[in-house]
Structures are given as structure tokens and as C-alpha cells.
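Below is input19.cif, which holds mmCIF, C-alpha atoms.
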data_upload
#
loop_
_atom_site.label_atom_id
_atom_site.label_comp_id
_atom_site.auth_asym_id
_atom_site.auth_seq_id
_atom_site.Cartn_x
_atom_site.Cartn_y
_atom_site.Cartn_z
CA MET C 698 64.98 99.25 124.40
CA LYS C 699 65.77 100.37 120.87
CA TYR C 700 66.86 103.90 120.12
CA LYS C 701 69.18 105.72 117.76
CA ILE C 702 71.38 108.79 118.05
CA ILE C 703 71.00 111.30 115.23
CA PRO C 704 72.45 114.76 114.58
CA TYR C 705 70.26 117.58 115.89
CA SER C 706 67.25 118.43 113.76
CA LYS C 707 65.20 121.61 114.20
CA LYS C 708 62.03 119.55 114.04
CA TYR C 709 62.82 118.38 117.59
CA PHE C 710 63.45 121.88 118.99
CA ASN C 711 60.19 122.16 120.97
CA SER C 712 60.57 118.64 122.37
CA ILE C 713 64.16 119.45 123.36
CA THR C 714 63.24 122.64 125.19
CA ASN C 715 60.44 120.81 127.03
CA LEU C 716 62.81 117.99 128.02
CA ILE C 717 65.49 120.42 129.24
CA ASP C 718 63.03 122.56 131.19
CA THR C 719 61.45 119.49 132.80
CA ASP C 720 64.82 118.20 133.99
CA PHE C 721 66.62 121.44 134.91
CA GLY C 722 63.85 123.95 135.64
CA MET C 723 61.38 125.96 133.59
CA GLY C 724 63.25 128.44 131.43
CA TYR C 725 66.66 126.72 131.66
CA SER C 726 66.55 125.87 127.96
CA LEU C 727 66.64 129.60 127.17
CA SER C 728 70.21 129.70 128.48
CA LYS C 729 71.39 127.23 125.83
CA ASP C 730 71.89 128.58 122.33
CA ILE C 731 71.39 125.31 120.51
CA HIS C 732 71.67 126.96 117.10
CA ALA C 733 74.98 128.77 117.70
CA GLU C 734 77.56 128.22 114.97
CA ASN C 735 80.10 126.56 117.27
CA ASN C 736 77.57 124.20 118.89
CA PHE C 737 77.05 120.58 117.91
CA ALA C 738 74.07 118.59 119.12
CA TRP C 739 72.56 115.11 118.99
CA CYS C 740 69.12 113.70 119.62
CA ALA C 741 68.21 110.28 120.92
CA ILE C 742 64.99 109.05 119.39
CA ASP C 743 62.94 105.90 119.94
CA ASP C 744 61.40 103.58 117.32
CA SER C 745 58.50 105.98 116.78
CA ASN C 746 60.91 108.93 116.25
CA LYS C 747 59.96 110.45 119.60
CA LEU C 748 62.71 112.50 121.24
CA ILE C 749 63.98 110.75 124.38
CA GLY C 750 67.36 112.45 124.87
CA PHE C 751 69.54 115.35 123.83
CA SER C 752 73.18 116.36 124.11
CA LEU C 753 75.04 119.59 123.32
CA LEU C 754 78.74 120.29 122.68
CA LYS C 755 80.15 123.83 122.48
CA VAL C 756 83.53 124.21 120.75
CA GLU C 757 85.85 127.21 120.78
CA GLY C 758 89.15 126.46 119.10
CA LYS C 759 90.92 123.62 120.91
CA VAL C 760 88.59 123.79 123.92
CA ALA C 761 85.12 122.28 124.26
CA VAL C 762 82.40 122.42 126.87
CA PHE C 763 79.90 119.62 127.37
CA GLU C 764 76.89 121.89 127.78
CA LEU C 765 74.35 119.30 128.81
CA THR C 766 73.00 115.82 128.38
CA VAL C 767 69.40 115.10 129.23
CA VAL C 768 67.42 111.88 128.92
CA ASN C 769 63.70 111.52 129.50
CA GLU C 770 63.19 110.08 132.98
CA LEU C 771 61.22 107.10 131.62
CA TYR C 772 64.13 106.03 129.39
CA ARG C 773 67.07 106.33 131.77
CA ARG C 774 69.38 103.41 132.60
CA ASN C 775 69.29 102.14 129.01
CA GLY C 776 72.66 103.49 127.82
CA ILE C 777 71.18 106.52 126.06
CA GLY C 778 73.15 109.09 128.06
CA THR C 779 76.34 107.09 127.54
CA SER C 780 75.70 106.96 123.77
CA LEU C 781 75.09 110.72 123.64
CA PHE C 782 78.21 111.31 125.72
CA SER C 783 80.27 109.14 123.37
CA GLN C 784 79.06 111.11 120.32
CA ARG C 785 80.35 114.34 121.85
CA ILE C 786 83.77 112.90 122.59
CA LYS C 787 83.99 111.47 119.07
CA LYS C 788 83.12 114.87 117.55
CA ALA C 789 85.57 116.69 119.84
CA ARG C 790 88.38 114.36 118.70
CA LEU C 791 87.47 114.90 115.03
CA LEU C 792 87.64 118.68 115.56
CA GLY C 793 91.07 118.46 117.20
CA VAL C 794 89.84 119.55 120.62
CA GLU C 795 92.53 119.25 123.30
CA ASN C 796 90.52 119.90 126.48
CA ILE C 797 86.89 119.26 127.37
CA THR C 798 85.18 120.83 130.37
CA LEU C 799 82.00 119.53 131.94
CA ASN C 800 80.09 121.59 134.52
CA HIS C 801 78.20 119.05 136.61
CA TRP C 802 75.08 120.26 138.39
CA VAL C 803 75.23 118.47 141.74
CA LYS C 804 71.76 117.09 142.46
CA THR C 805 70.34 114.87 145.18
CA ASN C 806 70.17 111.96 142.73
CA SER C 807 73.34 112.86 140.83
CA LYS C 808 76.32 113.54 143.08
CA GLU C 809 78.87 112.92 140.34
CA PRO C 810 78.69 112.53 136.57
CA PHE C 811 79.29 108.76 136.50
CA CYS C 812 79.53 108.73 132.71
CA ALA C 813 82.19 111.45 132.69
CA VAL C 814 84.24 109.61 135.29
CA GLU C 815 83.97 106.39 133.25
CA PHE C 816 85.24 108.24 130.16
CA GLY C 817 88.26 109.65 132.01
CA PHE C 818 87.17 113.09 133.24
CA SER C 819 88.60 114.21 136.57
CA LEU C 820 87.32 116.71 139.11
CA SER C 821 89.11 120.02 138.66
CA GLU C 822 87.20 122.59 140.71
CA ILE C 823 84.10 123.13 142.87
CA LYS C 824 82.08 126.32 142.37
CA THR C 825 79.31 127.48 144.68
CA ASN C 826 76.28 129.38 143.36
CA TYR C 827 77.54 128.71 139.83
CA TRP C 828 74.14 129.18 138.13
CA ALA C 829 72.98 132.15 140.27
CA THR C 830 73.54 134.89 137.68
CA GLN C 831 72.36 132.74 134.77
CA SER C 832 69.16 131.78 136.61
CA MET C 833 68.40 135.47 137.24
CA ILE C 834 69.07 136.48 133.64
CA PHE C 835 66.91 133.72 132.17
CA GLY C 836 64.44 133.61 135.06
CA TYR C 837 64.45 129.87 135.63
CA ASN C 838 63.51 128.39 138.95
CA CYS C 839 65.92 125.57 139.73
CA ILE C 840 64.02 122.34 140.39
CA GLU C 841 66.81 121.09 142.64
CA CYS C 842 67.23 123.94 145.14
CA ASN C 843 63.84 125.56 144.39
CA GLN C 844 65.38 129.00 144.59
CA LEU C 845 65.81 132.01 142.40
CA PRO C 846 68.65 132.66 142.11
CA CYS C 847 69.89 129.09 141.97
CA VAL C 848 72.27 128.24 144.82
CA CYS C 849 73.34 124.82 143.54
CA GLU C 850 76.94 123.67 143.50
CA CYS C 851 78.87 122.99 140.30
CA HIS C 852 81.63 120.41 140.07
CA VAL C 853 83.92 121.17 137.14
CA TYR C 854 85.38 118.09 135.45
CA VAL C 855 88.10 118.19 132.79
CA MET C 856 89.37 115.71 130.22
CA LYS C 857 92.49 116.15 128.11
CA LEU C 858 92.32 114.82 124.55
CA GLY C 859 95.49 116.35 123.13
CA SER C 860 98.78 114.60 122.46
CA ASP C 861 99.96 115.26 126.02
CA ALA C 862 96.86 113.61 127.52
#

Could you take the file, read its structure, and then write that structure out as C-alpha cells?
Amino acid sequence: MKYKIIPYSKKYFNSITNLIDTDFGMGYSLSKDIHAENNFAWCAIDDSNKLIGFSLLKVEGKVAVFELTVVNELYRRNGIGTSLFSQRIKKARLLGVENITLNHWVKTNSKEPFCAVEFGFSLSEIKTNYWATQSMIFGYNCIECNQLPCVCECHVYVMKLGSDA
């Protein structure tokens, strides 16, 4: 399977919101400010320039948050998520980020973020009902728990990039 990772382009915005909402629940994309000044994003596209994946990095000073990575269900298990993940780490290093946080949405088919663990992230904290308030504000119905508000569990993973890592 051939694909390439490119910096975010506004021409893919509608495809990105559809992909996010399909994977996380209708309306979830509204909670992600893709165009914020301190956000960096990448798209995975196939040979016909169709969007097949997306990844978002939020940076505030020396701290970054891996906001989300999503790959079209038909294209999973081809290394696309890993490539998107790698782009975020590379950018974080270039920006001098010292700590990266990843909030993993525990799902039936995704108990742990295997890619994060492979890259050296470690479990830091477990939060219950993490997306409850956000789901109410943005009105998305979680496709995992099928509830509003969302009652899913969040596993917080952390990776240190700084000199004391």
C-alpha cells in the first residue's frame, strides 16, 4: 500500500472532520481546533490524493499533547498510524519540547496505544469519565460507550524528550 504523509492542508478539512467523527463519534471533530496557532497537523494520503489518515500535535512551550491520530478503517495495519506518530515526535523534538502527553481513549479494540508504547511512552495516570464534559459541550455521542455524556476511561501516557529523558 502506497501512501505519503504531508503537512495539513485546508483542502482536506471536510474529509478530516468526517474521518474523526466516524472514528470517535459524530461531533467529536468540533472539539479539536485544527487551525489553532500552536497546533501542527499531518495528513496521510493515498496515490489518488484521498485522505486516509490524520494526526494533530498541540504545543505549549516545552510541553506537547498528542491530540489524536486517526486512520481510515480500510487502511489500518499498513504503518500509516506509525508514520503519523513519528512525524509528531520529530516535530516536537525540532520545537524543543521536553514532555509529550497522550490521552488514550480506551476502546474495546484498543486497550493500549501500542504505537505510543513502542515509541517509549509510559502509563502515567488513569482518568474515569475523562470526556464527559467535553462530550456535553460539543454534543457528540461516543461510539464506544454510546452515552452522552461519554463515560469512557482515559489512560494518560507520557514521554520525556528533554535532556534528562

Residues in the PyMOL selection byres ((chain C and resi 760-762) around 10), expressed as a PyMOL selection string: chain C and resi 735-736+753-759+763-765+785-786+789+792-800+855-858

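Between CA of Ile834 in chain C and CA of Lys707 in chain C the separation is 24.8 Å.
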
Residue neighbourhood Gln831 in chain C, 12 Å, only C-alpha atoms, exclusion window fewer than 5 positions, as a list in words: Gly724, Tyr725, Ser726, Leu727, Ser728, Lys729, Asn826, Gly836, Tyr837, Asn838, Cys839, Leu845, Pro846, Cys847, Val848 and Cys849 of chain C

For the selection just defined, write its residues with C-alpha atoms to a file, as a short mmCIF file (atom, residue, chain, number, x, y, z; two decimals), in the frame of the given file.
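Written output follows (result29.cif):
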data_model
loop_
_atom_site.label_atom_id
_atom_site.label_comp_id
_atom_site.auth_asym_id
_atom_site.auth_seq_id
_atom_site.Cartn_x
_atom_site.Cartn_y
_atom_site.Cartn_z
CA GLY C 724 63.25 128.44 131.43
CA TYR C 725 66.66 126.72 131.66
CA SER C 726 66.55 125.87 127.96
CA LEU C 727 66.64 129.60 127.17
CA SER C 728 70.21 129.70 128.48
CA LYS C 729 71.39 127.23 125.83
CA ASN C 826 76.28 129.38 143.36
CA GLY C 836 64.44 133.61 135.06
CA TYR C 837 64.45 129.87 135.63
CA ASN C 838 63.51 128.39 138.95
CA CYS C 839 65.92 125.57 139.73
CA LEU C 845 65.81 132.01 142.40
CA PRO C 846 68.65 132.66 142.11
CA CYS C 847 69.89 129.09 141.97
CA VAL C 848 72.27 128.24 144.82
CA CYS C 849 73.34 124.82 143.54
#

The PyMOL selection byres ((chain C and resi 748) around 9) applied to the shown file, residues as a PyMOL selection string: chain C and resi 709+712-713+716+740-743+745-747+749-751+769

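Here CA of Val803 in chain C and CA of His852 in chain C stand 6.9 Å from one another.
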
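Minimum atom-to-atom distances from C:Ile731, C:Asp744, C:Ile840, C:Lys699 to Asp718 in chain C were compared using only C-alpha atoms, and the lowest value belongs to C:Ile840.
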
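Residue nearest Ser819 in chain C within the list C:Leu791, C:Thr779, C:Val853, C:Ser832: C:Val853 [criterion: smallest interatomic distance, all atoms listed in the file].
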
Pick from C:Cys812, C:Cys842, C:Ile777, C:Ile823 nearest to Lys701 in chain C, counting all atoms listed in the file: C:Ile777

Hits of the PyMOL selection byres ((chain C and resi 824) around 6) in this structure, as a PyMOL selection string: chain C and resi 823+825+827+850-851

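Between Met698 in chain C and the candidates C:Ser783, C:Arg773, C:Ala829, C:Ser821, the tightest atom-to-atom separation, counting all atoms listed in the file, involves C:Arg773.
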
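In this model, the gap between CA of Ala813 in chain C and CA of Tyr772 in chain C comes to 19.1 Å.
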
Pick from C:Pro810, C:Asp720, C:Arg790, C:Asp730 nearest to Glu770 in chain C, counting all atoms listed in the file: C:Asp720

Among listed residues C:Thr719, C:Glu809, C:Thr766, C:Ala738, nearest Lys788 in chain C (using all atoms listed in the file): C:Ala738

Using the incomplete input, complete range 710-732 of chain C to the level of N, CA and C atoms; output as a short mmCIF file (atom, residue, chain, number, x, y, z; two decimals), keeping the file's coordinate frame.
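Output saved as out.cif:
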data_model
loop_
_atom_site.label_atom_id
_atom_site.label_comp_id
_atom_site.auth_asym_id
_atom_site.auth_seq_id
_atom_site.Cartn_x
_atom_site.Cartn_y
_atom_site.Cartn_z
N PHE C 710 63.13 120.75 118.10
CA PHE C 710 63.45 121.88 118.99
C PHE C 710 62.47 122.01 120.16
N ASN C 711 61.17 122.01 119.89
CA ASN C 711 60.19 122.16 120.97
C ASN C 711 60.26 121.01 121.97
N SER C 712 60.44 119.80 121.48
CA SER C 712 60.57 118.64 122.37
C SER C 712 61.83 118.76 123.22
N ILE C 713 62.90 119.27 122.63
CA ILE C 713 64.16 119.45 123.36
C ILE C 713 63.99 120.47 124.47
N THR C 714 63.40 121.62 124.16
CA THR C 714 63.24 122.64 125.19
C THR C 714 62.34 122.13 126.32
N ASN C 715 61.31 121.38 125.99
CA ASN C 715 60.44 120.81 127.03
C ASN C 715 61.21 119.82 127.90
N LEU C 716 62.02 118.98 127.28
CA LEU C 716 62.81 117.99 128.02
C LEU C 716 63.81 118.68 128.95
N ILE C 717 64.51 119.68 128.44
CA ILE C 717 65.49 120.42 129.24
C ILE C 717 64.81 121.12 130.41
N ASP C 718 63.73 121.82 130.13
CA ASP C 718 63.03 122.56 131.19
C ASP C 718 62.43 121.63 132.25
N THR C 719 61.98 120.46 131.84
CA THR C 719 61.45 119.49 132.80
C THR C 719 62.54 118.99 133.73
N ASP C 720 63.73 118.78 133.19
CA ASP C 720 64.82 118.20 133.99
C ASP C 720 65.62 119.23 134.79
N PHE C 721 65.76 120.45 134.27
CA PHE C 721 66.62 121.44 134.91
C PHE C 721 65.87 122.62 135.51
N GLY C 722 64.63 122.82 135.13
CA GLY C 722 63.85 123.95 135.64
C GLY C 722 63.29 124.77 134.50
N MET C 723 62.05 125.20 134.64
CA MET C 723 61.38 125.96 133.59
C MET C 723 62.18 127.20 133.22
N GLY C 724 62.49 127.31 131.93
CA GLY C 724 63.25 128.44 131.43
C GLY C 724 64.74 128.16 131.25
N TYR C 725 65.23 127.03 131.78
CA TYR C 725 66.66 126.72 131.66
C TYR C 725 67.09 126.59 130.20
N SER C 726 66.20 126.06 129.37
CA SER C 726 66.55 125.87 127.96
C SER C 726 66.90 127.19 127.27
N LEU C 727 66.35 128.30 127.76
CA LEU C 727 66.64 129.60 127.17
C LEU C 727 68.11 129.97 127.30
N SER C 728 68.80 129.38 128.26
CA SER C 728 70.21 129.70 128.48
C SER C 728 71.14 128.94 127.53
N LYS C 729 70.59 128.04 126.75
CA LYS C 729 71.39 127.23 125.83
C LYS C 729 71.08 127.63 124.39
N ASP C 730 72.08 128.17 123.72
CA ASP C 730 71.89 128.58 122.33
C ASP C 730 72.19 127.39 121.42
N ILE C 731 71.22 126.54 121.27
CA ILE C 731 71.39 125.31 120.51
C ILE C 731 71.84 125.58 119.09
N HIS C 732 71.39 126.68 118.51
CA HIS C 732 71.67 126.96 117.10
C HIS C 732 72.96 127.75 116.86
#
